[in-house]
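Read the structure below first, then the notes.
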Number of protein chains: 2
Amino acid sequence: MMTTKDEPNRVPGGGVQRIDAGRRRVTAEEVARLAGVSRSAVSRAHTRGAYVSREKKRKILEAAEVLGYRPNALAAGLSSKRSNLVAVVTGNLKNHYDSEFVGKLVRQLNDLGKLPIVIGGTSDSIQDNDVLEALDYPLDAIVIRAGSVTVETVRSCLKLQVPVIVSGRIFDVGNVDSLCCDNNAGSEMAVAALFESGRKNIGYLGGDPGLFSEQERCAGFIAAMRRRRLEPVVMAQSDFSFGGGYATGLKILQGSRRPDAVFCGNDAMALGLLNAARETLGMRVPEDLSVIGFDDIEMSGWPCFNLSTIRNPVEPAVGEIVSLLESRFADPARQGQTIRIVPTPVLRGTH
Amino acid sequence: MMTTKDEPNRVPGGGVQRIDAGRRRVTAEEVARLAGVSRSAVSRAHTRGAYVSREKKRKILEAAEVLGYRPNALAAGLSSKRSNLVAVVTGNLKNHYDSEFVGKLVRQLNDLGKLPIVIGGTSDSIQDNDVLEALDYPLDAIVIRAGSVTVETVRSCLKLQVPVIVSGRIFDVGNVDSLCCDNNAGSEMAVAALFESGRKNIGYLGGDPGLFSEQERCAGFIAAMRRRRLEPVVMAQSDFSFGGGYATGLKILQGSRRPDAVFCGNDAMALGLLNAARETLGMRVPEDLSVIGFDDIEMSGWPCFNLSTIRNPVEPAVGEIVSLLESRFADPARQGQTIRIVPTPVLRGTH
DNA sequence: GTCAAATATGCACACGTGTGCATATCGAGT
DNA sequence: ACTCGATATGCACACGTGTGCATATTTGAC
């Protein structure tokens, strides 16, 4: 007989709640009716620093609890000037640096009481359409990760009075705030470290040349080399991914002009190249080859890699973004600011 | 003299847009005034399948373009039944599996025209408060990753008529939809693979025992061992992280009862243990030790790891979530469904 | 030219909230 | 008993949109 009352695998707690078909969200009106007060009183009971008698407030909150009432932010945000919605546009969360970045940013926005609407997630293509959809809501601000969006879209945001913060590139338009690593300094640190290890035949493995950081890091590399009267042995282009770094790394290391050191535009590619060198080509690092990356993602610190790299610190960057947001809320029309995050060399075992 | 007009490093495009201090969002009223029509006409011009003459529509859209008008979703969503907002509650984006999961989910939601509000990001603690804040908005649905939220909060969602989808555990309450990997089958596959490699002294490295997947994978492991009349050599607890896997891995491999194979509750821990074995203890894998993980995150396929693992496929899971969402929109009151995602063994070089 | 059907347009309401304003109630000090 | 300030409460409006309804205009057929 299967007529037992026991239902295995059920989460305990009883009072099973269900979604009623036609039922709509409970409104302040209904709470007021149940508590026997006016609707205004209900609103005031949920607003800090409004006049409501202690006793009535208790009764109202109780009724609200029973009915499961929560003020509707849609309605409130209509007249109010804050929606608490902040859009975060990111290129590709498969990119480990971006992933870490978005994770921390989301956390901090949550702590600030903001609701981050994330756009992008996967796919490297430009996200303009999705951004426009988000702009249908009156956003408190929009944080854009470099390369995810066109200038046109930024202009749309400003036209809708939505403050814009761009991270990962300098964006000198209107009163947009920009935030960017000092890539020049980073490249200089990398070349310096390789140079001091006695390396002279240095190559460069870059990412998508359309991206701002790539342009700066590449230019910084060339300048740093020139300062030491060195000529790059090889300049290669890839795509900022592990797979790309691996494939292009193979080519570089099997090419006619073999470098004894490679500076990579980010850590993912550096790890890819490291794999190509060690696993596939049987080279010894750092004996046969030095490798330095950029960013310092989590994996770079793993024992099997122990990658020397230039740290592009996430925590301070996210902190600055939050500061920029707050000062923007205080003065929406203020001049746009440009902030350079200073990288630090993290010299481990691959150079 | 610094009075040159040139401003270097500017993004080209002219017509610099700024944020005016007191300025508010452009309203349909203003567009109507400029185009010389009624406000209703403006609304209809922006609504598909509404009666507006071709000529008037053109004029309205032109005026809207000039003024930079976009319908305010806040106001629209007030009477409409869809807000297009979907909350995504995630535990910790530092977890590579979750990170990949959220990335793909966000992308698909974007494609569906939904705006994903991400909650969590970092920190393993429960996110109840942040979820409540998001519930102030009338969400179309909320997707919760296992372990991020209490039963109470789920009940709050249902009370507010917000459809709930839980991923990563079975949640048999009300009409909540659940989605979960078939962990039992996965553990069986892992033990089978180790057994067929001739391993008999098999250990287990688990994550946080409070998590549903850990409980199922652990129980599945024990059952699979029993089926082969094998006794686990060691049962260890860690935290699902690389660092945890490394540290606990060291202990296991230096303990009195050394296993010749370890099945790990997820890939991050497996990679940590792999590092401990190879780099720190100088062991050969798979000669001296077999390792099998769970999930198949990107790094597991990297040449230097080449980890044998049980794939907990992200793409199908996300696809199922989207399907559940759509069928829930079609029938909000329908019975909750439970879906098991079938894992597949990905046998590489560590067993 | 007539009439009906199809198309176009404006009015006014509903959506759910916060809050200014006017008014009512209460407590205390003289 | 009277007054004044503090506290409490309800009414009504604004927020910006979509849409039903009634009405105006055009189209097409005979």
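Letters for chains follow the order of the structure tokens (A, B, ...), residue numbers begin at 1 for each chain, and ligand numbers begin at 1 in the order shown.
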
Practice item. Determine which residues of chain B sit within 6 Å of chain A, taking into account only C-alpha atoms, and present them as a PyMOL selection string. Key: chain B and resi 10+16-21+25+72-74+93+103-104+106-107+116-118+120-122+136-137+160-161+172+174-175+332-333

Exercise for review: Going by DSSP on the backbone, which bits of range 210-272 of chain B are strand (DSSP E or B)? Write them as a ChimeraX atom specification, please.
Suggested key: /B:234-237,261-264

Practice item. Check the DSSP output for the backbone and give back, as a PyMOL selection string, the residues of range 120-305 of chain B in alpha helix (DSSP H). Key: chain B and resi 128-134+151-159+183-196+212-227+242-254+267-275

Review point. Using only C-alpha atoms (C1' of nucleotides), which residues sit within 10 Å of DC26 in chain C once same-chain residues fewer than 4 positions away are excluded, as an MDAnalysis selection string?
Key: chainID D and resid 6:8

Per-residue nearest contacts of chain C to chain A (10 Å; only C-alpha atoms (C1' of nucleotides)) as a Markdown table:
| residue | atom | partner | partner_atom | distance |
| --- | --- | --- | --- | --- |
| C:DC15 | C1' | A:Ala75 | CA | 8.1 |
| C:DG16 | C1' | A:Ala75 | CA | 5.1 |
| C:DT17 | C1' | A:Ala76 | CA | 4.7 |
| C:DG18 | C1' | A:Ala76 | CA | 6.8 |
| C:DT19 | C1' | A:Ser40 | CA | 9.2 |

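Residue nearest chain D within the list B:Gly91, B:Arg48, B:Leu205, B:Pro313: B:Arg48 [criterion: smallest interatomic distance, only C-alpha atoms (C1' of nucleotides)].
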
Go through chain D residue by residue and, counting only C-alpha atoms (C1' of nucleotides), keep those with an atom at most 9 Å from chain A; for each kept residue give the shortest atom pair and its distance in Å to one decimal, ordered by chain and increasing number, as a Markdown table.
| residue | atom | partner | partner_atom | distance |
| --- | --- | --- | --- | --- |
| D:DT7 | C1' | A:Tyr51 | CA | 7.4 |
| D:DA8 | C1' | A:Val52 | CA | 6.4 |
| D:DT9 | C1' | A:Ala41 | CA | 7.5 |
| D:DG10 | C1' | A:Ser38 | CA | 6.9 |
| D:DA14 | C1' | A:Ser79 | CA | 7.1 |
| D:DC15 | C1' | A:Ser79 | CA | 4.2 |
| D:DG16 | C1' | A:Leu78 | CA | 7.5 |

Save the residues we just selected, N, CA, C and O atoms (P, O5', C5', C4', C3', O3' and C1' of nucleotides), as an mmCIF file, in the first residue's frame?
data_model
loop_
_atom_site.group_PDB
_atom_site.id
_atom_site.type_symbol
_atom_site.label_atom_id
_atom_site.label_comp_id
_atom_site.auth_asym_id
_atom_site.auth_seq_id
_atom_site.Cartn_x
_atom_site.Cartn_y
_atom_site.Cartn_z
ATOM 1 P P DT D 7 7.302 65.503 20.198
ATOM 2 O "O5'" DT D 7 6.034 64.652 19.768
ATOM 3 C "C5'" DT D 7 5.148 64.182 20.779
ATOM 4 C "C4'" DT D 7 3.838 63.774 20.147
ATOM 5 C "C3'" DT D 7 3.946 62.737 19.031
ATOM 6 O "O3'" DT D 7 3.175 61.606 19.420
ATOM 7 C "C1'" DT D 7 2.448 64.463 18.467
ATOM 8 P P DA D 8 3.267 60.248 18.576
ATOM 9 O "O5'" DA D 8 1.912 60.333 17.742
ATOM 10 C "C5'" DA D 8 0.679 60.417 18.429
ATOM 11 C "C4'" DA D 8 -0.447 60.612 17.435
ATOM 12 C "C3'" DA D 8 -0.461 59.630 16.254
ATOM 13 O "O3'" DA D 8 -1.723 58.990 16.286
ATOM 14 C "C1'" DA D 8 -0.746 61.857 15.504
ATOM 15 P P DT D 9 -1.973 57.759 15.300
ATOM 16 O "O5'" DT D 9 -2.740 58.489 14.118
ATOM 17 C "C5'" DT D 9 -4.014 59.067 14.373
ATOM 18 C "C4'" DT D 9 -4.496 59.795 13.139
ATOM 19 C "C3'" DT D 9 -4.451 58.966 11.854
ATOM 20 O "O3'" DT D 9 -5.751 58.909 11.335
ATOM 21 C "C1'" DT D 9 -3.660 61.156 11.504
ATOM 22 P P DG D 10 -6.168 57.665 10.409
ATOM 23 O "O5'" DG D 10 -6.886 58.428 9.217
ATOM 24 C "C5'" DG D 10 -7.855 59.416 9.525
ATOM 25 C "C4'" DG D 10 -7.872 60.473 8.447
ATOM 26 C "C3'" DG D 10 -7.943 59.913 7.012
ATOM 27 O "O3'" DG D 10 -8.971 60.599 6.324
ATOM 28 C "C1'" DG D 10 -6.186 61.485 7.199
ATOM 29 P P DA D 14 -0.754 67.299 -8.508
ATOM 30 O "O5'" DA D 14 0.708 66.710 -8.638
ATOM 31 C "C5'" DA D 14 1.651 66.894 -7.575
ATOM 32 C "C4'" DA D 14 2.695 65.812 -7.670
ATOM 33 C "C3'" DA D 14 2.990 65.366 -9.103
ATOM 34 O "O3'" DA D 14 4.382 65.346 -9.312
ATOM 35 C "C1'" DA D 14 2.406 63.489 -7.767
ATOM 36 P P DC D 15 4.975 65.386 -10.761
ATOM 37 O "O5'" DC D 15 5.602 63.939 -10.921
ATOM 38 C "C5'" DC D 15 6.458 63.403 -9.920
ATOM 39 C "C4'" DC D 15 6.516 61.911 -10.078
ATOM 40 C "C3'" DC D 15 6.319 61.443 -11.518
ATOM 41 O "O3'" DC D 15 7.589 61.325 -12.138
ATOM 42 C "C1'" DC D 15 5.196 60.040 -9.915
ATOM 43 P P DG D 16 7.764 61.966 -13.616
ATOM 44 O "O5'" DG D 16 7.265 60.789 -14.569
ATOM 45 C "C5'" DG D 16 7.979 59.573 -14.558
ATOM 46 C "C4'" DG D 16 7.192 58.540 -15.325
ATOM 47 C "C3'" DG D 16 6.790 58.970 -16.735
ATOM 48 O "O3'" DG D 16 7.246 57.996 -17.640
ATOM 49 C "C1'" DG D 16 4.925 58.097 -15.561
#

Counting only C-alpha atoms, which residues in range 198-311 of chain B sit no more than 6 Å from range 340-349 of chain B? For each one, give the nearest pair of atoms and the distance in Å, sorted by chain then residue number, as a Markdown table.
| residue | atom | partner | partner_atom | distance |
| --- | --- | --- | --- | --- |
| B:Asn306 | CA | B:Gly349 | CA | 5.5 |
| B:Leu307 | CA | B:Arg348 | CA | 5.6 |
| B:Ser308 | CA | B:Arg348 | CA | 4.4 |
| B:Thr309 | CA | B:Val346 | CA | 5.3 |
| B:Ile310 | CA | B:Pro345 | CA | 4.4 |
| B:Arg311 | CA | B:Thr344 | CA | 5.2 |

Study note, to complete from the structure: A straight line from CA of Lys251 in chain B to CA of Phe221 in chain B spans 20.4 Å

**Study point:** Surrounding residues of range 254-258 of chain A excluding itself and chain neighbours under 6 positions, 8 Å, only C-alpha atoms (C1' of nucleotides), as a list of chain:residue names
**Key:**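 Selected residues are A:Asn201, A:Val233, A:Val234.
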
Exercise for review: Grab the CA of Ile202 in chain A to CA of Pro232 in chain A distance for me, in Å with one decimal place.
Suggested key: 5.6 Å

Practice item. Would you list the contacts of Ser290 in chain A as number ranges by chain, taking every protein, DNA or RNA residue within 7 Å and counting only C-alpha atoms (C1' of nucleotides), but skipping same-chain residues closer than 2 positions in sequence? Key: A: 260-262, 285-286, 292, 350-351

Exercise for review: Write out as number ranges by chain each polymer residue whose atoms come within 8 Å of Asn183 in chain A, counting only C-alpha atoms (C1' of nucleotides); drop sequence neighbours fewer than 6 positions from it.
Suggested key: A: 213, 216-217, 220, 343

Exercise for review: Just give me the gap between CA of Arg284 in chain A and CA of Tyr204 in chain A in Å, one decimal is fine.
Suggested key: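 Interatomic distance here is 18.8 Å.
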